[in-house]
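See below for entry-v9.cif, which holds mmCIF, C-alpha atoms.
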data_run
#
loop_
_atom_site.label_atom_id
_atom_site.label_comp_id
_atom_site.auth_asym_id
_atom_site.auth_seq_id
_atom_site.Cartn_x
_atom_site.Cartn_y
_atom_site.Cartn_z
CA MET A 23 0.00 0.00 0.00
CA SER A 24 3.02 2.22 -0.10
CA ASN A 25 1.99 3.02 -3.66
CA VAL A 26 -1.29 4.47 -2.36
CA THR A 27 -1.38 8.23 -2.44
CA PHE A 28 -4.10 10.43 -1.07
CA PRO A 29 -5.19 13.89 -2.13
CA ARG A 30 -3.86 16.63 0.08
CA CYS A 31 -5.70 19.44 1.79
CA GLY A 32 -4.87 22.96 0.79
CA ILE A 33 -1.70 24.39 2.29
CA PHE A 34 -3.70 26.32 4.91
CA ARG A 35 -5.95 23.41 5.94
CA GLN A 36 -5.30 20.63 8.42
CA GLY A 37 -5.10 17.06 7.19
CA TYR A 38 -3.64 13.78 8.36
CA ASP A 39 0.15 13.71 8.64
CA PRO A 40 1.28 12.03 5.38
CA GLN A 41 4.25 10.27 7.00
CA ALA A 42 2.09 8.71 9.72
CA VAL A 43 -0.55 7.63 7.20
CA ASP A 44 2.00 6.18 4.79
CA ARG A 45 3.76 4.33 7.63
CA PHE A 46 0.48 2.85 8.87
CA PHE A 47 -0.59 1.63 5.42
CA GLU A 48 2.87 0.22 4.64
CA ASP A 49 2.88 -1.68 7.94
CA ALA A 50 -0.70 -2.84 7.37
CA ARG A 51 0.19 -4.21 3.95
CA GLU A 52 3.18 -6.12 5.28
CA ILE A 53 1.15 -7.58 8.13
CA TYR A 54 -1.84 -8.41 5.89
CA GLU A 55 0.42 -10.37 3.56
CA SER A 56 2.19 -12.21 6.41
CA ASP A 57 1.31 -15.15 8.62
CA GLU A 58 1.00 -12.78 11.59
CA PHE A 59 -2.19 -11.20 10.24
CA THR A 60 -4.72 -12.18 12.91
CA GLU A 61 -2.54 -11.18 15.84
CA GLN A 62 -1.24 -7.87 14.53
CA LEU A 63 -3.77 -6.37 12.14
CA THR A 64 -7.14 -6.59 13.80
CA VAL A 65 -10.32 -4.89 12.69
CA GLU A 66 -10.25 -3.02 15.99
CA ARG A 67 -6.74 -1.72 15.31
CA VAL A 68 -7.78 -0.40 11.91
CA ARG A 69 -10.98 1.10 13.32
CA SER A 70 -9.21 2.88 16.16
CA VAL A 71 -6.12 4.24 14.40
CA THR A 72 -5.60 7.99 14.67
CA PHE A 73 -3.17 10.27 12.89
CA PRO A 74 -1.67 13.59 13.90
CA MET A 75 -2.94 16.60 12.00
CA LYS A 76 -0.65 18.67 9.83
CA ARG A 77 -1.18 21.64 7.54
CA GLY A 78 -1.37 20.51 3.95
CA GLY A 79 -1.70 16.87 5.02
CA TYR A 80 -3.79 14.16 3.44
CA ALA A 81 -7.51 14.82 3.06
CA PRO A 82 -9.13 13.02 6.03
CA ASP A 83 -12.17 11.83 4.04
CA ALA A 84 -9.98 10.02 1.50
CA VAL A 85 -7.86 8.36 4.20
CA ASP A 86 -10.96 7.41 6.21
CA GLN A 87 -12.48 5.75 3.13
CA ALA A 88 -9.28 3.75 2.63
CA LEU A 89 -9.40 2.72 6.29
CA ASP A 90 -13.00 1.54 5.83
CA ARG A 91 -11.89 -0.59 2.86
CA LEU A 92 -8.97 -2.01 4.87
CA GLU A 93 -11.29 -2.78 7.77
CA GLU A 94 -13.62 -4.63 5.42
CA ALA A 95 -10.70 -6.57 3.90
CA CYS A 96 -9.48 -7.54 7.40
CA SER A 97 -12.98 -8.64 8.35
CA GLN A 98 -13.30 -10.78 5.22
CA ARG A 99 -9.89 -12.36 5.75
CA LEU A 100 -10.67 -13.10 9.39
CA ARG A 101 -13.90 -14.75 8.32
CA ALA A 102 -12.19 -16.82 5.62
CA ASP A 103 -9.46 -17.94 8.05
CA TYR A 104 -12.02 -18.83 10.73
CA VAL A 105 -14.26 -20.72 8.30
CA ALA A 106 -11.24 -22.65 6.98
CA GLU A 107 -10.45 -23.80 10.51
CA HIS A 108 -13.93 -24.15 12.09
CA GLY A 109 -16.36 -24.34 9.16
CA SER A 110 -19.26 -22.09 8.17
CA GLN A 111 -21.41 -23.30 11.03
CA GLY A 112 -18.67 -22.37 13.48
CA TRP A 113 -18.54 -18.87 12.03
CA LEU A 114 -22.30 -18.48 12.28
CA SER A 115 -22.33 -19.72 15.88
CA ARG A 116 -19.58 -17.26 16.78
CA THR A 117 -21.45 -14.43 15.07
CA TYR A 118 -24.74 -15.28 16.83
CA GLU A 119 -22.93 -15.27 20.18
CA LYS A 120 -21.51 -11.81 19.44
CA ALA A 121 -24.93 -10.57 18.32
CA ALA A 122 -26.53 -11.86 21.51
CA THR A 123 -24.28 -9.55 23.55
CA LEU A 124 -25.93 -6.59 21.82
CA TYR A 125 -29.49 -7.51 22.77
CA PRO A 126 -29.63 -6.31 26.39
CA ARG A 127 -29.17 -2.66 25.38
CA LEU A 128 -31.53 -3.01 22.45
CA ARG A 129 -34.28 -4.13 24.82
CA MET A 130 -33.82 -1.19 27.20
CA PRO A 131 -36.29 1.72 27.06
CA ASP A 132 -35.53 4.88 25.12
CA GLY A 133 -33.41 7.28 27.11
CA GLU A 134 -31.94 4.52 29.29
CA ARG A 135 -29.74 2.52 26.92
CA PHE A 136 -26.42 4.16 27.75
CA GLU A 137 -24.84 6.21 30.50
CA GLN A 138 -25.22 9.98 30.57
CA PRO A 139 -21.92 11.88 30.41
CA GLU A 140 -20.81 13.23 33.77
CA LYS A 141 -20.39 16.69 32.27
CA GLY A 142 -19.95 18.43 28.96
CA ARG A 143 -21.60 17.08 25.87
CA GLY A 144 -22.63 13.74 24.43
CA TYR A 145 -24.63 12.15 21.65
CA ASP A 146 -28.28 13.17 21.35
CA ARG A 147 -30.31 10.45 23.07
CA GLY A 148 -33.17 10.60 20.58
CA GLU A 149 -30.85 10.12 17.61
CA VAL A 150 -29.03 7.21 19.26
CA ASP A 151 -32.32 5.59 20.29
CA ALA A 152 -33.60 5.92 16.70
CA LEU A 153 -30.52 4.08 15.43
CA MET A 154 -30.99 1.43 18.10
CA LYS A 155 -34.55 0.88 16.85
CA ARG A 156 -33.17 0.41 13.32
CA LEU A 157 -30.65 -2.10 14.66
CA THR A 158 -33.43 -3.94 16.52
CA ALA A 159 -35.52 -4.05 13.35
CA TYR A 160 -32.55 -5.42 11.44
CA PHE A 161 -32.00 -8.23 13.96
CA ASP A 162 -35.73 -8.97 13.94
CA GLY A 163 -35.62 -9.32 10.14
CA LYS A 164 -37.83 -6.25 9.68
CA GLY A 165 -35.34 -3.73 8.36
CA GLN A 166 -32.23 -3.17 6.32
CA LEU A 167 -28.94 -2.01 7.81
CA THR A 168 -25.31 -2.46 6.86
CA ALA A 169 -22.01 -2.06 8.66
CA ALA A 170 -21.34 0.89 6.35
CA ASP A 171 -24.62 2.50 7.48
CA LEU A 172 -23.54 2.21 11.10
CA ARG A 173 -20.04 3.53 10.36
CA ALA A 174 -21.49 6.52 8.51
CA THR A 175 -23.87 7.49 11.28
CA ALA A 176 -23.16 10.85 12.88
CA PHE A 177 -24.97 12.11 15.95
CA THR A 178 -25.59 15.66 17.08
CA GLU A 179 -23.69 16.54 20.24
CA VAL A 180 -25.89 18.05 22.95
CA LYS A 181 -25.65 18.98 26.65
CA ALA A 182 -24.93 16.10 28.99
CA THR A 183 -28.43 16.19 30.49
CA LYS A 184 -29.93 15.23 27.11
CA ALA A 185 -27.14 12.94 25.97
CA TYR A 186 -25.53 9.54 26.06
CA ASP A 187 -21.83 9.20 26.79
CA ILE A 188 -19.92 9.32 23.50
CA ALA A 189 -17.27 6.73 24.37
CA VAL A 190 -19.81 4.16 25.58
CA VAL A 191 -21.98 4.53 22.47
CA ASP A 192 -18.94 4.33 20.18
CA VAL A 193 -17.73 1.10 21.77
CA TYR A 194 -21.19 -0.44 21.42
CA LEU A 195 -21.49 0.62 17.80
CA ASP A 196 -18.03 -0.80 17.03
CA ARG A 197 -19.27 -4.16 18.31
CA ALA A 198 -22.44 -3.84 16.25
CA VAL A 199 -20.39 -3.03 13.12
CA SER A 200 -18.33 -6.17 13.73
CA VAL A 201 -21.47 -8.29 13.92
CA LEU A 202 -22.95 -6.80 10.76
CA GLN A 203 -19.65 -7.23 8.89
CA ALA A 204 -19.59 -10.86 9.94
CA VAL A 205 -22.87 -11.60 8.18
CA GLU A 206 -22.42 -9.41 5.12
#
What's the structure tokens form of this structure?
Amino acid sequence: MSNVTFPRCGIFRQGYDPQAVDRFFEDAREIYESDEFTEQLTVERVRSVTFPMKRGGYAPDAVDQALDRLEEACSQRLRADYVAEHGSQGWLSRTYEKAATLYPRLRMPDGERFEQPEKGRGYDRGEVDALMKRLTAYFDGKGQLTAADLRATAFTEVKATKAYDIAVVDVYLDRAVSVLQAVE
């Protein structure tokens, strides 16, 4: 992936540090092509990578799209490796177990699914609850939803008294993305 180049922001705009981005993608390519893939290049590592900002750096949207593609490739490879070792039924059982861990919050009443931030701001409860209803409908076979839909969701930030804690919601949604990727 060292041959991957990204468009740059204008000289007066902040973008991702090109050296950090290039280093990450070079390392990711080496790991992806090695036998150490599952230990070193996890979906979670790709999803949680951050880059320093630098004037005139790479356009964040372009890099983020490449990270989404890499995350999907890692997910597909993990699935293929797991199926090769444990079979398709093993993969489905594992996925159902992961999905079951999501249900308790889905069954909670609106406004009570996640913690409220102690102070500051958080994600708008109504918007998060609406997404949770979509996720419930998906699991009940009554709606469409993809991992990409979840990844693309953005919530309005509001005062803590009307919000859910950002970090807690993000962790939950990362788990939900993993489950949806597993069945896509």
Which residues, protein or nucleic acid, reach to within 7 Å of (-19.4, -7.5, 5.4) in the file's coordinates when using only C-alpha atoms, and can you give that as a compact mmCIF listing (two decimals) with C-alpha atoms, in the coordinates of the input?
# COMPACT_ATOMS: atom_id res chain seq x y z
CA GLU A 94 -13.62 -4.63 5.42
CA GLN A 98 -13.30 -10.78 5.22
CA ALA A 169 -22.01 -2.06 8.66
CA LEU A 202 -22.95 -6.80 10.76
CA GLN A 203 -19.65 -7.23 8.89
CA ALA A 204 -19.59 -10.86 9.94
CA VAL A 205 -22.87 -11.60 8.18
CA GLU A 206 -22.42 -9.41 5.12
Result set, the PyMOL selection byres ((chain A and resi 85) around 12) on current file, as a VMD selection string: chain A and resid 26 to 31 37 to 40 42 to 44 46 to 47 68 71 to 73 79 to 84 86 to 92
Matched chain/residue IDs from the PyMOL selection byres ((chain A and resi 185) around 12), as a ChimeraX atom specification: /A:132-151,177-184,186-191
Ranking A:Arg77, A:Leu63, A:Tyr194, A:Leu100 by minimum distance to Tyr125 in chain A and counting only C-alpha atoms, which one comes first? A:Tyr194
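With all atoms listed in the file as the basis for measurement, A:Gln36 is the residue among A:Asp103, A:Gln36, A:Ser97, A:Ala176 that approaches Met75 in chain A most closely.
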